[in-house]
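What follows is a short report on a single structure.
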Amino acid sequence: MKLATWNVNSLAVRLPQLLDWLAANPVDAMVLQETKLTDDKFPHAAIESAGYLVQWFGQKTYNGVALLSRSPAADVVKNIPGHADEQARVIAGTVSDLRVIGAYFPNGQAPDSDKFQYKLQWMTALREWVRSQLALYPKLILLGDFNIAPEDRDVHDPVAWMDQIHCTPQERAHFRGLVELGLCDAFRLFEQPPKSWSWWDYRNLAFRKNQGLRIDHILVSEALRGKVSACAIDKLPRKNERPSDHAPVIVELAD
DNA sequence: ATGACTCCCAGTGGGAGA
């Protein structure tokens, strides 16, 4: 079984690229972030024509998430239950026997901003909800745009990024908090090329110079850890014309 | 260098992203 996550930075713009990517990468399930579409505008028919069922949860202008799957998603949840939020950031469903939680973590903007406080509160709520989900669904996968670079090796210039947004000790502590629930960073189960990033700034020729961050992640529960057979970042879509600034991440689970 | 690019909604500019 293959699953993927991709921050598409506007599904209205990236729909053709998503369909191309799915044709080349026939995953069993996929989560999207930053669809930036209200629910009435979600292009479900095009996605269904590509052979996927889809659940979506969006808003105007910002955020927005979706869950695509070959087989139906059961017990679908949108956002974190009990955590009031104006922003559409989470979509979860059970696909086959797997609990799939797709998440778009807040950016946080700057460590001294109100948005950073929102990010910390959101991450606290997410962690407690994921803890309860793990009790219900031992086979759980949490994937999406975490907006956290967990370690210095996930940052092209750790000195310049030190204590900056995505790299603060508080954000990294939250990432470790998820790991301490029993989740495992699937990407790091394998030897990976050095300077592996999932996001490159649009500005300053960052992709060409390979100056990026690894902020899109796939975390798997203990029950799944032994089944992970591969995990990789697909840089190819970042070479498209009008690319998303993020690349997809794919994980493969043995049956 | 509080920049750069891209997207969105706006409305002939500005916020947000990361």
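Residue names in the structure tokens use chain letters A, B, ... in the order shown, residue numbers from 1 in each chain, and ligand numbers from 1 in the order shown.
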When the cut-off is 8 Å and we count only C-alpha atoms (C1' of nucleotides), which residues of chain B are near chain A, given as a ChimeraX atom specification?
-> /B:4-9,17-18
Would you please extract all strand (DSSP E) residues from region 36-75 of chain A, as assigned by DSSP on the backbone, and give them as a ChimeraX atom specification?
-> /A:53-57,65-69,73-75
Hey, what does DSSP flag as alpha helix (DSSP H) within region 3-249 of chain A? Can you give it to me as a ChimeraX atom specification?
-> /A:11-24,44-49,114-136,158-161,169-180,222-225
Residues within 9 Å of Ala29 (chain A), only C-alpha atoms (C1' of nucleotides), excluding chain neighbours under 4 positions, as a count of residues only | 13
Distance query Thr94 (chain A) at most 9 Å, only C-alpha atoms (C1' of nucleotides), self and fewer than 5 positions along chain excluded, as a PyMOL selection string = chain A and resi 72-76+99-101+137+140
Atom pair CA of Thr38 (chain A) / CA of Gly58 (chain A): separation (Å) = 5.0 Å
With distances taken over only C-alpha atoms, the candidate from A:Arg14, A:Lys239, A:His217, A:Lys41 nearest Phe175 (chain A) is A:His217
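A straight line drawn from CA of Pro111 (chain A) to CA of Arg214 (chain A) is 18.9 Å long.
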